[in-house]
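Okay, run37.pdb now, which holds PDB, C-alpha atoms:
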ATOM      1  CA  MET A 858      26.800  -2.355 -55.131  1.00  0.00           C
ATOM      2  CA  THR A 859      26.110  -6.098 -55.355  1.00  0.00           C
ATOM      3  CA  ASP A 860      28.775  -8.174 -57.059  1.00  0.00           C
ATOM      4  CA  PRO A 861      27.135 -10.013 -60.002  1.00  0.00           C
ATOM      5  CA  SER A 862      29.614 -12.849 -59.445  1.00  0.00           C
ATOM      6  CA  ASP A 863      28.082 -13.530 -56.014  1.00  0.00           C
ATOM      7  CA  ARG A 864      26.337 -16.917 -56.273  1.00  0.00           C
ATOM      8  CA  ARG A 865      23.255 -15.393 -54.622  1.00  0.00           C
ATOM      9  CA  PHE A 866      22.891 -12.893 -57.469  1.00  0.00           C
ATOM     10  CA  ALA A 867      20.096 -13.924 -59.886  1.00  0.00           C
ATOM     11  CA  THR A 868      21.250 -12.629 -63.272  1.00  0.00           C
ATOM     12  CA  THR A 869      18.033 -13.538 -65.092  1.00  0.00           C
ATOM     13  CA  LEU A 870      15.944 -11.636 -62.560  1.00  0.00           C
ATOM     14  CA  ALA A 871      18.277  -8.643 -62.806  1.00  0.00           C
ATOM     15  CA  ARG A 872      17.937  -8.627 -66.588  1.00  0.00           C
ATOM     16  CA  GLY A 873      14.164  -8.837 -66.391  1.00  0.00           C
ATOM     17  CA  LEU A 874      14.050  -5.862 -64.042  1.00  0.00           C
ATOM     18  CA  SER A 875      16.411  -3.964 -66.360  1.00  0.00           C
ATOM     19  CA  ILE A 876      13.882  -4.417 -69.148  1.00  0.00           C
ATOM     20  CA  LEU A 877      11.075  -2.958 -67.030  1.00  0.00           C
ATOM     21  CA  ARG A 878      13.283  -0.007 -66.082  1.00  0.00           C
ATOM     22  CA  ALA A 879      14.092   0.679 -69.728  1.00  0.00           C
ATOM     23  CA  PHE A 880      10.632   2.144 -70.362  1.00  0.00           C
ATOM     24  CA  ARG A 881      10.079   5.908 -70.187  1.00  0.00           C
ATOM     25  CA  PRO A 882       6.827   7.873 -69.916  1.00  0.00           C
ATOM     26  CA  THR A 883       7.351   9.395 -73.357  1.00  0.00           C
ATOM     27  CA  ASP A 884       7.702   6.010 -75.096  1.00  0.00           C
ATOM     28  CA  SER A 885       4.909   4.905 -77.407  1.00  0.00           C
ATOM     29  CA  GLY A 886       6.192   1.352 -77.089  1.00  0.00           C
ATOM     30  CA  LEU A 887       9.483  -0.495 -77.455  1.00  0.00           C
ATOM     31  CA  GLY A 888      10.493  -3.389 -79.687  1.00  0.00           C
ATOM     32  CA  ASN A 889      12.972  -6.074 -78.720  1.00  0.00           C
ATOM     33  CA  GLN A 890      15.734  -4.262 -80.603  1.00  0.00           C
ATOM     34  CA  ASP A 891      14.934  -0.988 -78.798  1.00  0.00           C
ATOM     35  CA  ILE A 892      15.081  -2.760 -75.449  1.00  0.00           C
ATOM     36  CA  SER A 893      18.317  -4.507 -76.376  1.00  0.00           C
ATOM     37  CA  GLU A 894      19.954  -1.188 -77.269  1.00  0.00           C
ATOM     38  CA  ARG A 895      18.823   0.471 -74.042  1.00  0.00           C
ATOM     39  CA  THR A 896      19.792  -2.349 -71.708  1.00  0.00           C
ATOM     40  CA  GLY A 897      22.777  -3.920 -73.448  1.00  0.00           C
ATOM     41  CA  ILE A 898      21.091  -7.327 -73.202  1.00  0.00           C
ATOM     42  CA  PRO A 899      21.425  -9.481 -76.361  1.00  0.00           C
ATOM     43  CA  ARG A 900      18.289  -9.489 -78.488  1.00  0.00           C
ATOM     44  CA  PRO A 901      17.643 -13.271 -78.258  1.00  0.00           C
ATOM     45  CA  THR A 902      17.717 -12.982 -74.461  1.00  0.00           C
ATOM     46  CA  VAL A 903      15.446  -9.941 -74.600  1.00  0.00           C
ATOM     47  CA  SER A 904      12.945 -11.927 -76.682  1.00  0.00           C
ATOM     48  CA  ARG A 905      12.745 -14.674 -74.058  1.00  0.00           C
ATOM     49  CA  LEU A 906      12.437 -12.204 -71.205  1.00  0.00           C
ATOM     50  CA  THR A 907       9.767 -10.051 -72.863  1.00  0.00           C
ATOM     51  CA  PHE A 908       7.743 -13.195 -73.598  1.00  0.00           C
ATOM     52  CA  THR A 909       7.917 -14.159 -69.917  1.00  0.00           C
ATOM     53  CA  LEU A 910       7.116 -10.630 -68.716  1.00  0.00           C
ATOM     54  CA  CYS A 911       4.088 -10.548 -71.031  1.00  0.00           C
ATOM     55  CA  ALA A 912       2.896 -13.898 -69.673  1.00  0.00           C
ATOM     56  CA  LEU A 913       3.098 -12.497 -66.151  1.00  0.00           C
ATOM     57  CA  GLY A 914       1.336  -9.248 -67.037  1.00  0.00           C
ATOM     58  CA  TYR A 915       4.308  -6.933 -66.545  1.00  0.00           C
ATOM     59  CA  LEU A 916       4.350  -6.127 -70.275  1.00  0.00           C
ATOM     60  CA  THR A 917       1.618  -6.007 -72.898  1.00  0.00           C
ATOM     61  CA  HIS A 918       2.015  -6.854 -76.574  1.00  0.00           C
ATOM     62  CA  GLY A 919      -1.152  -6.338 -78.574  1.00  0.00           C
ATOM     63  CA  ARG A 920      -0.380  -7.765 -82.005  1.00  0.00           C
ATOM     64  CA  LYS A 921       2.373  -9.798 -83.633  1.00  0.00           C
ATOM     65  CA  HIS A 922       4.347  -6.778 -84.775  1.00  0.00           C
ATOM     66  CA  ASP A 923       3.180  -4.391 -82.058  1.00  0.00           C
ATOM     67  CA  LYS A 924       5.618  -2.907 -79.584  1.00  0.00           C
ATOM     68  CA  TYR A 925       5.788  -3.687 -75.893  1.00  0.00           C
ATOM     69  CA  ARG A 926       4.336  -1.450 -73.205  1.00  0.00           C
ATOM     70  CA  LEU A 927       4.249  -1.753 -69.428  1.00  0.00           C
ATOM     71  CA  GLY A 928       1.352  -3.957 -68.366  1.00  0.00           C
ATOM     72  CA  PRO A 929      -1.178  -4.010 -65.519  1.00  0.00           C
ATOM     73  CA  ALA A 930       1.082  -5.976 -63.156  1.00  0.00           C
ATOM     74  CA  ALA A 931       3.757  -3.277 -63.472  1.00  0.00           C
ATOM     75  CA  LEU A 932       1.134  -0.585 -62.820  1.00  0.00           C
ATOM     76  CA  ALA A 933      -0.123  -2.407 -59.723  1.00  0.00           C
ATOM     77  CA  LEU A 934       3.415  -2.845 -58.410  1.00  0.00           C
ATOM     78  CA  GLY A 935       4.173   0.844 -58.967  1.00  0.00           C
ATOM     79  CA  ASN A 936       0.999   1.926 -57.180  1.00  0.00           C
ATOM     80  CA  ILE A 937       1.740  -0.333 -54.224  1.00  0.00           C
ATOM     81  CA  ALA A 938       5.278   1.050 -53.988  1.00  0.00           C
ATOM     82  CA  ALA A 939       4.041   4.644 -54.218  1.00  0.00           C
ATOM     83  CA  ALA A 940       1.489   4.057 -51.465  1.00  0.00           C
ATOM     84  CA  SER A 941       4.232   2.672 -49.228  1.00  0.00           C
ATOM     85  CA  PHE A 942       6.127   5.981 -49.204  1.00  0.00           C
ATOM     86  CA  SER A 943       3.957   8.187 -47.038  1.00  0.00           C
ATOM     87  CA  PHE A 944       6.373  11.116 -47.198  1.00  0.00           C
ATOM     88  CA  VAL A 945       5.367  11.772 -50.826  1.00  0.00           C
ATOM     89  CA  GLU A 946       1.698  12.171 -49.914  1.00  0.00           C
ATOM     90  CA  THR A 947       2.573  14.212 -46.824  1.00  0.00           C
ATOM     91  CA  ALA A 948       4.764  16.565 -48.848  1.00  0.00           C
ATOM     92  CA  GLY A 949       2.234  16.958 -51.664  1.00  0.00           C
ATOM     93  CA  PRO A 950       0.192  20.003 -50.568  1.00  0.00           C
ATOM     94  CA  GLU A 951       3.226  22.076 -49.572  1.00  0.00           C
ATOM     95  CA  MET A 952       5.166  21.155 -52.713  1.00  0.00           C
ATOM     96  CA  GLN A 953       2.210  22.004 -54.962  1.00  0.00           C
ATOM     97  CA  LYS A 954       1.855  25.353 -53.215  1.00  0.00           C
ATOM     98  CA  LEU A 955       5.569  25.994 -53.703  1.00  0.00           C
ATOM     99  CA  ALA A 956       5.267  25.142 -57.402  1.00  0.00           C
ATOM    100  CA  ASN A 957       2.366  27.578 -57.754  1.00  0.00           C
ATOM    101  CA  ASP A 958       4.073  30.351 -55.782  1.00  0.00           C
ATOM    102  CA  THR A 959       7.409  30.114 -57.603  1.00  0.00           C
ATOM    103  CA  GLY A 960       6.247  29.113 -61.076  1.00  0.00           C
ATOM    104  CA  THR A 961       8.832  26.315 -61.076  1.00  0.00           C
ATOM    105  CA  LEU A 962       8.689  22.560 -61.404  1.00  0.00           C
ATOM    106  CA  ILE A 963       8.984  20.877 -57.995  1.00  0.00           C
ATOM    107  CA  GLY A 964       9.856  17.206 -57.779  1.00  0.00           C
ATOM    108  CA  ILE A 965      11.556  14.261 -56.129  1.00  0.00           C
ATOM    109  CA  ALA A 966      14.510  12.342 -57.554  1.00  0.00           C
ATOM    110  CA  ILE A 967      16.023   9.116 -56.266  1.00  0.00           C
ATOM    111  CA  HIS A 968      19.323   7.451 -57.075  1.00  0.00           C
ATOM    112  CA  ASP A 969      19.064   4.582 -59.549  1.00  0.00           C
ATOM    113  CA  SER A 970      22.086   2.875 -61.108  1.00  0.00           C
ATOM    114  CA  GLY A 971      24.314   5.951 -61.244  1.00  0.00           C
ATOM    115  CA  ARG A 972      21.582   8.391 -62.267  1.00  0.00           C
ATOM    116  CA  MET A 973      19.005  10.491 -60.458  1.00  0.00           C
ATOM    117  CA  LEU A 974      15.549   9.236 -61.459  1.00  0.00           C
ATOM    118  CA  LEU A 975      12.563  11.591 -61.310  1.00  0.00           C
ATOM    119  CA  THR A 976       9.762   9.813 -59.463  1.00  0.00           C
ATOM    120  CA  LYS A 977       7.296  12.597 -58.672  1.00  0.00           C
ATOM    121  CA  THR A 978       6.653  16.129 -59.942  1.00  0.00           C
ATOM    122  CA  TRP A 979       4.374  19.033 -59.060  1.00  0.00           C
ATOM    123  CA  ARG A 980       3.681  21.585 -61.805  1.00  0.00           C
ATOM    124  CA  PRO A 981       2.406  25.135 -61.345  1.00  0.00           C
ATOM    125  CA  VAL A 982      -1.357  25.239 -61.856  1.00  0.00           C
ATOM    126  CA  GLY A 983      -2.180  26.317 -65.399  1.00  0.00           C
ATOM    127  CA  SER A 984       1.386  25.886 -66.658  1.00  0.00           C
ATOM    128  CA  ALA A 985       2.260  24.438 -70.019  1.00  0.00           C
ATOM    129  CA  SER A 986       4.262  21.221 -70.188  1.00  0.00           C
ATOM    130  CA  ILE A 987       7.673  21.584 -68.556  1.00  0.00           C
ATOM    131  CA  TRP A 988      10.756  19.825 -69.855  1.00  0.00           C
ATOM    132  CA  LEU A 989      11.130  17.150 -67.171  1.00  0.00           C
ATOM    133  CA  GLU A 990       8.793  14.181 -66.788  1.00  0.00           C
ATOM    134  CA  VAL A 991       8.594  11.349 -64.284  1.00  0.00           C
ATOM    135  CA  GLY A 992      11.049   8.687 -65.433  1.00  0.00           C
ATOM    136  CA  TYR A 993      13.640  11.194 -66.653  1.00  0.00           C
ATOM    137  CA  ARG A 994      17.206  10.397 -65.573  1.00  0.00           C
ATOM    138  CA  LEU A 995      19.745  13.041 -64.573  1.00  0.00           C
ATOM    139  CA  PRO A 996      23.502  12.616 -64.176  1.00  0.00           C
ATOM    140  CA  VAL A 997      24.682  12.626 -60.562  1.00  0.00           C
ATOM    141  CA  PRO A 998      27.832  14.787 -60.901  1.00  0.00           C
ATOM    142  CA  THR A 999      26.255  17.582 -62.969  1.00  0.00           C
ATOM    143  CA  SER A1000      22.716  17.997 -61.616  1.00  0.00           C
ATOM    144  CA  SER A1001      21.435  19.727 -58.508  1.00  0.00           C
ATOM    145  CA  THR A1002      19.587  16.557 -57.497  1.00  0.00           C
ATOM    146  CA  GLY A1003      22.820  14.581 -57.775  1.00  0.00           C
ATOM    147  CA  ARG A1004      24.683  17.201 -55.768  1.00  0.00           C
ATOM    148  CA  ALA A1005      22.016  17.094 -53.028  1.00  0.00           C
ATOM    149  CA  TYR A1006      22.199  13.293 -52.993  1.00  0.00           C
ATOM    150  CA  LEU A1007      25.994  13.431 -52.701  1.00  0.00           C
ATOM    151  CA  SER A1008      25.720  15.728 -49.695  1.00  0.00           C
ATOM    152  CA  ALA A1009      23.629  13.196 -47.775  1.00  0.00           C
ATOM    153  CA  VAL A1010      25.112   9.778 -48.602  1.00  0.00           C
ATOM    154  CA  THR A1011      26.938   7.652 -46.063  1.00  0.00           C
ATOM    155  CA  ASP A1012      30.500   6.538 -46.743  1.00  0.00           C
ATOM    156  CA  THR A1013      29.227   3.113 -47.796  1.00  0.00           C
ATOM    157  CA  GLU A1014      26.678   4.647 -50.171  1.00  0.00           C
ATOM    158  CA  PHE A1015      29.353   6.914 -51.577  1.00  0.00           C
ATOM    159  CA  ASP A1016      31.696   3.987 -52.246  1.00  0.00           C
ATOM    160  CA  GLN A1017      28.909   2.142 -54.070  1.00  0.00           C
ATOM    161  CA  LEU A1018      28.101   5.192 -56.185  1.00  0.00           C
ATOM    162  CA  ALA A1019      31.772   5.855 -56.939  1.00  0.00           C
ATOM    163  CA  ALA A1020      32.183   2.281 -58.169  1.00  0.00           C
ATOM    164  CA  ILE A1021      29.157   2.588 -60.468  1.00  0.00           C
ATOM    165  CA  LEU A1022      30.268   5.917 -61.971  1.00  0.00           C
ATOM    166  CA  ALA A1023      33.834   4.696 -62.425  1.00  0.00           C
ATOM    167  CA  GLU A1024      32.591   1.565 -64.204  1.00  0.00           C
ATOM    168  CA  GLN A1025      30.375   3.703 -66.449  1.00  0.00           C
ATOM    169  CA  GLY A1026      33.295   6.041 -67.168  1.00  0.00           C
ATOM    170  CA  ASP A1027      31.418   9.068 -65.817  1.00  0.00           C
ATOM    171  CA  MET A1028      33.822  10.211 -63.112  1.00  0.00           C
ATOM    172  CA  SER A1029      36.791   8.943 -61.123  1.00  0.00           C
ATOM    173  CA  PRO A1030      36.342   8.244 -57.390  1.00  0.00           C
ATOM    174  CA  ASP A1031      38.817  10.998 -56.464  1.00  0.00           C
ATOM    175  CA  THR A1032      36.977  13.624 -58.508  1.00  0.00           C
ATOM    176  CA  LEU A1033      33.637  12.446 -57.150  1.00  0.00           C
ATOM    177  CA  ARG A1034      35.008  12.666 -53.616  1.00  0.00           C
ATOM    178  CA  ALA A1035      35.896  16.310 -54.218  1.00  0.00           C
ATOM    179  CA  ARG A1036      32.401  16.950 -55.620  1.00  0.00           C
ATOM    180  CA  ARG A1037      30.926  15.300 -52.536  1.00  0.00           C
ATOM    181  CA  GLN A1038      32.769  17.698 -50.236  1.00  0.00           C
ATOM    182  CA  GLU A1039      31.624  20.642 -52.356  1.00  0.00           C
ATOM    183  CA  ALA A1040      28.053  19.380 -52.053  1.00  0.00           C
ATOM    184  CA  ILE A1041      28.312  18.999 -48.276  1.00  0.00           C
ATOM    185  CA  ASP A1042      29.682  22.543 -47.957  1.00  0.00           C
ATOM    186  CA  ASP A1043      26.948  23.828 -50.271  1.00  0.00           C
ATOM    187  CA  VAL A1044      24.068  22.275 -48.305  1.00  0.00           C
ATOM    188  CA  GLN A1045      25.535  23.097 -44.904  1.00  0.00           C
ATOM    189  CA  GLY A1046      26.058  26.704 -45.958  1.00  0.00           C
ATOM    190  CA  SER A1047      22.765  27.493 -47.689  1.00  0.00           C
ATOM    191  CA  GLY A1048      20.459  24.545 -47.001  1.00  0.00           C
ATOM    192  CA  PHE A1049      20.326  23.491 -50.652  1.00  0.00           C
ATOM    193  CA  ALA A1050      22.544  22.373 -53.544  1.00  0.00           C
ATOM    194  CA  HIS A1051      23.124  24.254 -56.783  1.00  0.00           C
ATOM    195  CA  VAL A1052      25.312  23.362 -59.772  1.00  0.00           C
ATOM    196  CA  PRO A1053      26.865  26.355 -61.597  1.00  0.00           C
ATOM    197  CA  ARG A1054      25.702  26.813 -65.179  1.00  0.00           C
ATOM    198  CA  ASP A1055      29.105  25.982 -66.669  1.00  0.00           C
ATOM    199  CA  ARG A1056      29.091  22.594 -64.894  1.00  0.00           C
ATOM    200  CA  HIS A1057      25.398  21.767 -65.241  1.00  0.00           C
ATOM    201  CA  HIS A1058      24.372  18.935 -67.556  1.00  0.00           C
ATOM    202  CA  SER A1059      22.096  21.392 -69.391  1.00  0.00           C
ATOM    203  CA  SER A1060      23.128  25.001 -69.901  1.00  0.00           C
ATOM    204  CA  ASN A1061      19.490  26.110 -70.132  1.00  0.00           C
ATOM    205  CA  ILE A1062      18.160  24.533 -66.922  1.00  0.00           C
ATOM    206  CA  ASN A1063      18.508  26.305 -63.588  1.00  0.00           C
ATOM    207  CA  SER A1064      17.667  24.374 -60.432  1.00  0.00           C
ATOM    208  CA  ILE A1065      18.327  23.787 -56.762  1.00  0.00           C
ATOM    209  CA  ALA A1066      17.771  20.679 -54.635  1.00  0.00           C
ATOM    210  CA  VAL A1067      17.487  19.713 -50.988  1.00  0.00           C
ATOM    211  CA  PRO A1068      18.379  16.260 -49.612  1.00  0.00           C
ATOM    212  CA  TYR A1069      15.952  14.236 -47.505  1.00  0.00           C
ATOM    213  CA  ARG A1070      16.308  10.751 -46.028  1.00  0.00           C
ATOM    214  CA  PRO A1071      12.872   9.115 -45.637  1.00  0.00           C
ATOM    215  CA  HIS A1072      12.442   6.586 -42.852  1.00  0.00           C
ATOM    216  CA  GLU A1073      10.647   4.261 -45.311  1.00  0.00           C
ATOM    217  CA  PHE A1074      13.899   3.312 -47.027  1.00  0.00           C
ATOM    218  CA  GLY A1075      17.584   3.683 -46.423  1.00  0.00           C
ATOM    219  CA  SER A1076      18.988   6.003 -49.050  1.00  0.00           C
ATOM    220  CA  PRO A1077      18.455   9.761 -49.370  1.00  0.00           C
ATOM    221  CA  VAL A1078      16.277  11.413 -52.001  1.00  0.00           C
ATOM    222  CA  ALA A1079      16.399  14.937 -53.423  1.00  0.00           C
ATOM    223  CA  PHE A1080      13.562  17.461 -53.558  1.00  0.00           C
ATOM    224  CA  PHE A1081      14.228  19.911 -56.365  1.00  0.00           C
ATOM    225  CA  SER A1082      12.926  23.112 -57.933  1.00  0.00           C
ATOM    226  CA  GLY A1083      13.756  23.836 -61.561  1.00  0.00           C
ATOM    227  CA  SER A1084      13.066  26.188 -64.426  1.00  0.00           C
ATOM    228  CA  THR A1085      14.894  27.716 -67.366  1.00  0.00           C
ATOM    229  CA  TYR A1086      17.381  30.557 -66.996  1.00  0.00           C
ATOM    230  CA  ASP A1087      15.022  32.700 -69.089  1.00  0.00           C
ATOM    231  CA  ASN A1088      12.265  32.369 -66.496  1.00  0.00           C
ATOM    232  CA  VAL A1089      14.062  32.190 -63.133  1.00  0.00           C
ATOM    233  CA  THR A1090      17.454  33.674 -62.306  1.00  0.00           C
ATOM    234  CA  THR A1091      20.093  32.124 -60.096  1.00  0.00           C
ATOM    235  CA  GLU A1092      19.608  35.034 -57.696  1.00  0.00           C
ATOM    236  CA  ASP A1093      15.918  34.143 -57.314  1.00  0.00           C
ATOM    237  CA  PHE A1094      16.810  30.517 -56.660  1.00  0.00           C
ATOM    238  CA  ARG A1095      19.451  31.401 -54.095  1.00  0.00           C
ATOM    239  CA  THR A1096      17.578  34.135 -52.213  1.00  0.00           C
ATOM    240  CA  MET A1097      13.945  33.009 -52.380  1.00  0.00           C
ATOM    241  CA  ILE A1098      13.195  29.609 -53.888  1.00  0.00           C
ATOM    242  CA  GLY A1099      16.082  27.637 -52.369  1.00  0.00           C
ATOM    243  CA  PRO A1100      15.381  28.791 -48.801  1.00  0.00           C
ATOM    244  CA  ALA A1101      11.648  28.158 -49.287  1.00  0.00           C
ATOM    245  CA  LEU A1102      12.255  24.597 -50.475  1.00  0.00           C
ATOM    246  CA  ALA A1103      14.723  23.996 -47.632  1.00  0.00           C
ATOM    247  CA  ARG A1104      12.090  25.155 -45.121  1.00  0.00           C
ATOM    248  CA  ALA A1105       9.453  22.899 -46.675  1.00  0.00           C
ATOM    249  CA  VAL A1106      11.745  19.857 -46.481  1.00  0.00           C
ATOM    250  CA  ALA A1107      12.750  20.743 -42.900  1.00  0.00           C
ATOM    251  CA  ASP A1108       9.063  20.871 -41.977  1.00  0.00           C
ATOM    252  CA  LEU A1109       8.546  17.481 -43.593  1.00  0.00           C
ATOM    253  CA  ARG A1110      11.469  16.126 -41.595  1.00  0.00           C
ATOM    254  CA  ASP A1111      10.026  17.499 -38.342  1.00  0.00           C
ATOM    255  CA  ARG A1112       6.628  15.938 -39.020  1.00  0.00           C
ATOM    256  CA  ALA A1113       8.263  12.560 -39.609  1.00  0.00           C
ATOM    257  CA  LEU A1114       9.883  12.526 -36.152  1.00  0.00           C
TER     258      LEU A1114
END
Now that the file is in, can you turn its structure into structure tokens?
Amino acid sequence: MTDPSDRRFATTLARGLSILRAFRPTDSGLGNQDISERTGIPRPTVSRLTFTLCALGYLTHGRKHDKYRLGPAALALGNIAAASFSFVETAGPEMQKLANDTGTLIGIAIHDSGRMLLTKTWRPVGSASIWLEVGYRLPVPTSSTGRAYLSAVTDTEFDQLAAILAEQGDMSPDTLRARRQEAIDDVQGSGFAHVPRDRHHSSNINSIAVPYRPHEFGSPVAFFSGSTYDNVTTEDFRTMIGPALARAVADLRDRAL
């Protein structure tokens, strides 16, 4: 984690990026007050930054009292970034097949500021909308994606994560260290991570996740499969879906060598 007091750290740039990251796919637009509440940045500062981001095309603002939305420059940047990660495209056909075969939501989550951020999903063909959308953020300690991420981090990455979660008041480093060991044992034993229902961030969601470290960037990501407890049992996840996802990720890893 970069120290904001480091003279190389550009606070204004960091705040501008925080504003762009505040937007979610389900938003119909955000006002300056909405953005201020989500980011913790004072409203006068938000007003200056949104003006600048609009001028650069990263936000759009149709009318005087209209709300802000992500603009064409943000879309172009996102598309360029997505195209840079070839593992997503490579994994696509197998992950879509797995979604169809299991009737579960398959996706990829990355670590972002102490949360697991959903960046790609594959839905079963013909399925109704499922609860998780790209842009959704999951807690690290109480999600299967977070548990998979914990199982694959280096000591340096763990220390950075522990500092973030401690600062946010989510979990102490000692408790997180114990969760990390549990995650390592979980993945080494079965090939995937699973959070028990009584410790999961949502008592209705059942899921498993498998860690993967792409060569395109340094930190690990988590491939996950999820559904509700009403539709898929833990036994199904542990005996069929988890092993299938682990095999798919292993195949992806072999193809990347």
- Message: To test your reading of the syntax: which residues would the PyMOL selection byres ((chain A and resi 1086) around 10) return for the file shown? Reply as a list in words.
- Response: Arg1054, Ser1060, Asn1061, Ile1062, Asn1063, Ser1064, Gly1083, Ser1084, Thr1085, Asp1087, Asn1088, Val1089, Thr1090 and Thr1091 of chain A
- Message: So that I can see what lies close to Ile963 in chain A, please list as a list in words the residues with an atom at most 7 Å from it, counting all atoms listed in the file and leaving out residues fewer than 4 positions away in the same chain.
- Response: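 My list of contacting residues is Met952, Ala956, Thr978, Trp979, Arg980, Phe1081, Ser1082 and Gly1083 of chain A.
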If you keep C-alpha atoms, can you produce a file of those selected residues as a PDB file, in the coordinates of the input?
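This went into out05.pdb:
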ATOM      1  CA  MET A 952       5.166  21.155 -52.713  1.00  0.00           C
ATOM      2  CA  ALA A 956       5.267  25.142 -57.402  1.00  0.00           C
ATOM      3  CA  THR A 978       6.653  16.129 -59.942  1.00  0.00           C
ATOM      4  CA  TRP A 979       4.374  19.033 -59.060  1.00  0.00           C
ATOM      5  CA  ARG A 980       3.681  21.585 -61.805  1.00  0.00           C
ATOM      6  CA  PHE A1081      14.228  19.911 -56.365  1.00  0.00           C
ATOM      7  CA  SER A1082      12.926  23.112 -57.933  1.00  0.00           C
ATOM      8  CA  GLY A1083      13.756  23.836 -61.561  1.00  0.00           C
TER       9      GLY A1083
END
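Minimum atom-to-atom distance to Asp1111 in chain A, evaluated using all atoms listed in the file, belongs to A:Ala948 out of A:Gln1017, A:Ser1076, A:Ala948, A:Gly1048.
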- Item | Shell of 7 Å around range 1096-1100 of chain A, only C-alpha atoms, local chain residues under 6 positions omitted, as a list in words |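 Surrounding residues, per the criterion: Thr959, Gly1048, Phe1049 and Ile1065 of chain A.
Here CA of Pro1068 in chain A is placed at a distance of 24.5 Å from CA of Arg881 in chain A.
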Show me the residues around (30.4, 18.9, -54.7) - criterion: an atom at most 10 Å away, all atoms listed in the file counted - as a compact mmCIF listing (two decimals) with C-alpha atoms, in the frame of the given file.
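Final output, saved to part-v3.txt:
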# COMPACT_ATOMS: atom_id res chain seq x y z
CA PRO A 998 27.83 14.79 -60.90
CA THR A 999 26.26 17.58 -62.97
CA SER A 1001 21.44 19.73 -58.51
CA GLY A 1003 22.82 14.58 -57.78
CA ARG A 1004 24.68 17.20 -55.77
CA ALA A 1005 22.02 17.09 -53.03
CA LEU A 1007 25.99 13.43 -52.70
CA SER A 1008 25.72 15.73 -49.70
CA THR A 1032 36.98 13.62 -58.51
CA LEU A 1033 33.64 12.45 -57.15
CA ARG A 1034 35.01 12.67 -53.62
CA ALA A 1035 35.90 16.31 -54.22
CA ARG A 1036 32.40 16.95 -55.62
CA ARG A 1037 30.93 15.30 -52.54
CA GLN A 1038 32.77 17.70 -50.24
CA GLU A 1039 31.62 20.64 -52.36
CA ALA A 1040 28.05 19.38 -52.05
CA ILE A 1041 28.31 19.00 -48.28
CA ASP A 1042 29.68 22.54 -47.96
CA ASP A 1043 26.95 23.83 -50.27
CA VAL A 1044 24.07 22.28 -48.30
CA ALA A 1050 22.54 22.37 -53.54
CA HIS A 1051 23.12 24.25 -56.78
CA VAL A 1052 25.31 23.36 -59.77
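You can rank A:Pro996, A:Pro1077, A:Gly1046, A:Gly960 by their closest distance to Phe1094 in chain A using only C-alpha atoms, and at the top of that list sits A:Gly960.
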